[in-house]
Structures are given as C-alpha cells and as structure tokens.
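What follows is a set of notes on a single structure, which appears directly below.
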Amino acid sequence: MAGLLFLAFAYFAVGQAAVNRSGAQTAADAAALAAAQDTRDQLADLWVEDVLDPTKWQQIFEGVGAAEDPCRRAAELAAQNDASVDDCAPDGLRFTVAVQTNKTAGDSVIPATSTTHAHASATAVIKSLCTFDPPGADPEGAVLPTLTCNDKDGEREWELDPKDLGVLPKPEDLFDVHLTND
C-alpha cells in the first residue's frame, strides 16, 4: 500500500513539473513575440516618418533603425506569465528569449521539485510583407513607389500620393511576426 501511495505522489510530482514546464514555454513564447512585435512597431513608425523618402524604405524593411531595446518588452511579458528572462538575444529580425519560471513545481516526495525552476526558450521572427520598385529619378518626391504587400488574404497595393497620403498601412500590413522552430 505504501508503495502505491509513493507512486501516486511521484506521478503527481511529474504532473506538477510538466505543468510548470508548460508555463515556462508559454512565457517564453509570449516574451519572444513581444520583443518582435515591439521592434515591428518601431520599424513601422520609422516607415511612416520616412514615407516621403523612399530611399530609406529598403533599410527599414530589412530591420535597420529600431532604437529601443526589445528585451524590455520581453521581460514585461515574461513577468506577466510569472517568469523572468534569463537571456534575450535580438539578432536582426530574429528574437530568441530564454525564461525561467518564478515558481518551482512545489513540495513533493521528490525533493528536487521544491527547488527546481522550469526553463524554456522561444524564437520569434519578423518578416517583411512588402516590396516596391526602387525610387526613380524624382528628387522632389512627387511620385512615390507603389508598395505591394502580401499577407494571408492575398496581395494589396498601396498607391501613395505624397500630397495626400490618406490611409497608410498598419504595422501588421507591413510586417509579419511569428514564432519559429529553426
């Protein structure tokens, strides 16, 4: 009887550890996505600021120019998921975040569970959805290139008039953010 009771508690401890590990993965996924989305929003803001200077567009779509640290946002999302960031490694348009849960699996018949924290990592990437023909010889900026953006709904062309910009693409129209396994 004691053996069966011990096995039941051991299975319970393993279950607690699995739940804790799942929470760590959720926190890592959220943190990596938050870092990437923060950078995506910064790049979209840069594009809006420089929309009248299409010579800067390509660099922005390649991820150049985001100034704020995306790891700050990753740490916020990890904390909201009861974890802390062990490592945050932005690399261009790729963001890898490793987290550790704040809680352990708890006390059980397996002593290590009371001091062991779950760890997980995740990687999110930003992908530009838009292309355009390089700007022609128009030093006055009277004509802007057509911006062609592809997303899950298909292709959309943005005809931009420098005198009346009207509705501009949103960050999610310009860039896709998703988790990756590679």
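Starting from 1 in every chain, residues are counted up; chains themselves are A, B, ... following the order of the structure tokens, and ligands are numbered from 1 as listed.
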
Practice task
Compile the contact shell of A:Ser84 as a PyMOL selection string: residues with an atom at most 10 Å away, counting only C-alpha atoms, same-chain residues fewer than 3 positions apart removed.
Solution key: chain A and resi 24+27-28+31+74-81+87+98-102+119

Output N, CA and C atoms for every residue in the selection just made, as a PDB file, in the first residue's frame.
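Here's the written file result.pdb:
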```pdb
ATOM      1  N   ALA A  24       6.390  27.695 -18.467  1.00  0.00           N
ATOM      2  CA  ALA A  24       7.648  28.319 -18.912  1.00  0.00           C
ATOM      3  C   ALA A  24       7.640  28.516 -20.424  1.00  0.00           C
ATOM      4  N   ALA A  27       5.445  31.419 -21.326  1.00  0.00           N
ATOM      5  CA  ALA A  27       6.130  32.679 -21.014  1.00  0.00           C
ATOM      6  C   ALA A  27       7.197  32.987 -22.047  1.00  0.00           C
ATOM      7  N   ALA A  28       7.950  31.979 -22.478  1.00  0.00           N
ATOM      8  CA  ALA A  28       8.999  32.194 -23.486  1.00  0.00           C
ATOM      9  C   ALA A  28       8.386  32.609 -24.821  1.00  0.00           C
ATOM     10  N   ALA A  31       7.142  36.183 -24.529  1.00  0.00           N
ATOM     11  CA  ALA A  31       8.254  37.127 -24.449  1.00  0.00           C
ATOM     12  C   ALA A  31       8.916  37.325 -25.809  1.00  0.00           C
ATOM     13  N   ALA A  74      10.086  42.087 -23.749  1.00  0.00           N
ATOM     14  CA  ALA A  74      10.117  40.641 -23.482  1.00  0.00           C
ATOM     15  C   ALA A  74      10.067  40.381 -21.985  1.00  0.00           C
ATOM     16  N   ALA A  75      10.808  41.168 -21.203  1.00  0.00           N
ATOM     17  CA  ALA A  75      10.818  40.994 -19.749  1.00  0.00           C
ATOM     18  C   ALA A  75       9.443  41.286 -19.150  1.00  0.00           C
ATOM     19  N   GLU A  76       8.753  42.292 -19.688  1.00  0.00           N
ATOM     20  CA  GLU A  76       7.414  42.615 -19.196  1.00  0.00           C
ATOM     21  C   GLU A  76       6.458  41.443 -19.412  1.00  0.00           C
ATOM     22  N   LEU A  77       6.493  40.851 -20.610  1.00  0.00           N
ATOM     23  CA  LEU A  77       5.584  39.739 -20.901  1.00  0.00           C
ATOM     24  C   LEU A  77       5.949  38.491 -20.126  1.00  0.00           C
ATOM     25  N   ALA A  78       7.240  38.256 -19.922  1.00  0.00           N
ATOM     26  CA  ALA A  78       7.649  37.110 -19.104  1.00  0.00           C
ATOM     27  C   ALA A  78       7.113  37.284 -17.682  1.00  0.00           C
ATOM     28  N   ALA A  79       7.241  38.488 -17.143  1.00  0.00           N
ATOM     29  CA  ALA A  79       6.760  38.761 -15.787  1.00  0.00           C
ATOM     30  C   ALA A  79       5.250  38.563 -15.689  1.00  0.00           C
ATOM     31  N   GLN A  80       4.521  38.949 -16.717  1.00  0.00           N
ATOM     32  CA  GLN A  80       3.069  38.747 -16.704  1.00  0.00           C
ATOM     33  C   GLN A  80       2.709  37.266 -16.703  1.00  0.00           C
ATOM     34  N   ASN A  81       3.651  36.430 -17.137  1.00  0.00           N
ATOM     35  CA  ASN A  81       3.448  34.980 -17.148  1.00  0.00           C
ATOM     36  C   ASN A  81       4.213  34.302 -16.018  1.00  0.00           C
ATOM     37  N   ASP A  87      17.764  35.138 -20.770  1.00  0.00           N
ATOM     38  CA  ASP A  87      18.563  35.644 -21.891  1.00  0.00           C
ATOM     39  C   ASP A  87      17.616  36.158 -22.964  1.00  0.00           C
ATOM     40  N   ALA A  98      15.045  33.274 -23.593  1.00  0.00           N
ATOM     41  CA  ALA A  98      15.036  32.151 -22.657  1.00  0.00           C
ATOM     42  C   ALA A  98      14.491  32.656 -21.326  1.00  0.00           C
ATOM     43  N   VAL A  99      13.608  31.873 -20.727  1.00  0.00           N
ATOM     44  CA  VAL A  99      12.986  32.279 -19.464  1.00  0.00           C
ATOM     45  C   VAL A  99      13.114  31.184 -18.417  1.00  0.00           C
ATOM     46  N   GLN A 100      12.882  31.590 -17.180  1.00  0.00           N
ATOM     47  CA  GLN A 100      12.817  30.679 -16.037  1.00  0.00           C
ATOM     48  C   GLN A 100      11.565  31.032 -15.254  1.00  0.00           C
ATOM     49  N   THR A 101      10.813  30.025 -14.860  1.00  0.00           N
ATOM     50  CA  THR A 101       9.608  30.296 -14.061  1.00  0.00           C
ATOM     51  C   THR A 101      10.013  30.816 -12.680  1.00  0.00           C
ATOM     52  N   ASN A 102       9.162  31.641 -12.108  1.00  0.00           N
ATOM     53  CA  ASN A 102       9.414  32.153 -10.768  1.00  0.00           C
ATOM     54  C   ASN A 102       9.089  31.109  -9.707  1.00  0.00           C
ATOM     55  N   HIS A 119      12.642  25.883 -17.233  1.00  0.00           N
ATOM     56  CA  HIS A 119      13.281  26.766 -18.202  1.00  0.00           C
ATOM     57  C   HIS A 119      12.717  26.460 -19.589  1.00  0.00           C
TER      58      HIS A 119
END
```

Exercise for the section: Would you list the contacts of stretch 156-163 of chain A as JSON, numbers by chain, taking every protein, DNA or RNA residue within 12 Å and counting only C-alpha atoms, but skipping same-chain residues closer than 5 positions in sequence? Expected result: {"A": [48, 50, 51, 52, 53, 54, 129, 130, 131, 132, 140, 141, 142, 143, 144, 145, 146, 147, 148, 149, 150, 151, 168, 169, 170, 173, 174]}

Exercise for the section: Write down as a PyMOL selection string the residues belonging to stretch 42-147 of chain A that are assigned strand (DSSP E) by DSSP computed on the backbone. Expected result: chain A and resi 83-91+94-104+117-128+130-131+147

Residues from the last selection, N, CA and C atoms, saved as a CSV table (one decimal), in the first residue's frame:
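part-v9.csv was written with the following content:
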```
chain,number,residue,atom,x,y,z
A,83,ALA,N,7.3,34.6,-14.9
A,83,ALA,CA,8.7,34.1,-15.2
A,83,ALA,C,9.6,35.3,-15.3
A,84,SER,N,10.9,35.0,-15.4
A,84,SER,CA,11.9,36.0,-15.7
A,84,SER,C,12.7,35.7,-16.8
A,85,VAL,N,13.3,36.7,-17.5
A,85,VAL,CA,14.1,36.4,-18.7
A,85,VAL,C,15.5,36.1,-18.2
A,86,ASP,N,16.0,34.9,-18.7
A,86,ASP,CA,17.4,34.5,-18.5
A,86,ASP,C,18.3,35.1,-19.5
A,87,ASP,N,17.8,35.1,-20.8
A,87,ASP,CA,18.6,35.6,-21.9
A,87,ASP,C,17.6,36.2,-23.0
A,88,CYS,N,18.0,37.3,-23.6
A,88,CYS,CA,17.2,37.8,-24.7
A,88,CYS,C,18.3,38.2,-25.7
A,89,ALA,N,18.2,37.6,-26.9
A,89,ALA,CA,19.2,37.8,-27.9
A,89,ALA,C,18.5,38.2,-29.2
A,90,PRO,N,18.4,39.6,-29.4
A,90,PRO,CA,17.9,40.1,-30.7
A,90,PRO,C,19.0,39.9,-31.7
A,91,ASP,N,18.7,39.5,-32.9
A,91,ASP,CA,19.7,39.3,-34.0
A,91,ASP,C,19.0,39.7,-35.3
A,94,ARG,N,15.3,38.6,-35.8
A,94,ARG,CA,15.1,37.3,-35.1
A,94,ARG,C,15.3,37.6,-33.6
A,95,PHE,N,14.4,37.1,-32.8
A,95,PHE,CA,14.5,37.3,-31.3
A,95,PHE,C,14.3,36.0,-30.6
A,96,THR,N,15.4,35.6,-29.9
A,96,THR,CA,15.4,34.4,-29.1
A,96,THR,C,15.4,34.8,-27.6
A,97,VAL,N,14.4,34.3,-26.9
A,97,VAL,CA,14.3,34.6,-25.5
A,97,VAL,C,14.2,33.3,-24.7
A,98,ALA,N,15.0,33.3,-23.6
A,98,ALA,CA,15.0,32.2,-22.7
A,98,ALA,C,14.5,32.7,-21.3
A,99,VAL,N,13.6,31.9,-20.7
A,99,VAL,CA,13.0,32.3,-19.5
A,99,VAL,C,13.1,31.2,-18.4
A,100,GLN,N,12.9,31.6,-17.2
A,100,GLN,CA,12.8,30.7,-16.0
A,100,GLN,C,11.6,31.0,-15.3
A,101,THR,N,10.8,30.0,-14.9
A,101,THR,CA,9.6,30.3,-14.1
A,101,THR,C,10.0,30.8,-12.7
A,102,ASN,N,9.2,31.6,-12.1
A,102,ASN,CA,9.4,32.2,-10.8
A,102,ASN,C,9.1,31.1,-9.7
A,103,LYS,N,8.2,30.2,-10.0
A,103,LYS,CA,7.8,29.2,-9.1
A,103,LYS,C,8.4,27.9,-9.4
A,104,THR,N,8.6,27.0,-8.4
A,104,THR,CA,9.0,25.7,-8.6
A,104,THR,C,7.8,24.8,-8.8
A,117,HIS,N,13.4,25.2,-10.9
A,117,HIS,CA,12.5,26.0,-11.8
A,117,HIS,C,12.5,25.5,-13.2
A,118,ALA,N,11.4,25.7,-13.9
A,118,ALA,CA,11.4,25.3,-15.3
A,118,ALA,C,12.0,26.3,-16.2
A,119,HIS,N,12.6,25.9,-17.2
A,119,HIS,CA,13.3,26.8,-18.2
A,119,HIS,C,12.7,26.5,-19.6
A,120,ALA,N,12.6,27.5,-20.4
A,120,ALA,CA,12.2,27.3,-21.8
A,120,ALA,C,12.7,28.4,-22.7
A,121,SER,N,12.8,28.2,-23.9
A,121,SER,CA,13.2,29.3,-24.9
A,121,SER,C,12.3,29.3,-26.1
A,122,ALA,N,12.2,30.4,-26.7
A,122,ALA,CA,11.4,30.6,-28.0
A,122,ALA,C,12.1,31.6,-28.9
A,123,THR,N,11.8,31.4,-30.1
A,123,THR,CA,12.3,32.4,-31.1
A,123,THR,C,11.2,32.9,-32.0
A,124,ALA,N,11.1,34.2,-32.1
A,124,ALA,CA,10.2,34.9,-33.0
A,124,ALA,C,10.9,35.6,-34.1
A,125,VAL,N,10.3,35.7,-35.2
A,125,VAL,CA,10.9,36.4,-36.4
A,125,VAL,C,10.0,37.4,-36.9
A,126,ILE,N,10.6,38.5,-37.5
A,126,ILE,CA,9.8,39.5,-38.3
A,126,ILE,C,10.1,39.2,-39.8
A,127,LYS,N,9.1,39.2,-40.5
A,127,LYS,CA,9.2,39.1,-42.0
A,127,LYS,C,8.5,40.2,-42.7
A,128,SER,N,9.3,40.9,-43.5
A,128,SER,CA,8.7,42.0,-44.3
A,128,SER,C,7.6,41.4,-45.3
A,130,CYS,N,6.2,43.4,-47.7
A,130,CYS,CA,6.1,44.4,-48.8
A,130,CYS,C,7.3,44.4,-49.7
A,131,THR,N,7.0,44.7,-50.9
A,131,THR,CA,8.1,45.0,-51.9
A,131,THR,C,7.7,46.3,-52.6
A,147,LEU,N,3.7,50.4,-53.2
A,147,LEU,CA,4.0,49.4,-52.1
A,147,LEU,C,3.1,48.2,-52.3
```

Exercise for the section: Choose the residue, out of A:Pro171, A:Thr180, A:Arg73, A:Gly92, that has the smallest atom-to-atom separation from A:Asp45; count only C-alpha atoms. Expected result: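 Smallest separation from A:Asp45 among the options: A:Pro171.
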
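For the atom pair formed by atom CA of A:Gly23 and atom CA of A:Thr116, the distance is 13.9 Å, given to one decimal.
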
Fill in the blank from the handout: Separating atom CA of A:Ala44 from atom CA of A:Gly166, to the nearest tenth of an Å, is a gap of 16.1 Å

Handout entry: d(atom CA of A:Val177, atom CA of A:Arg40) in Å
Key = 7.7 Å
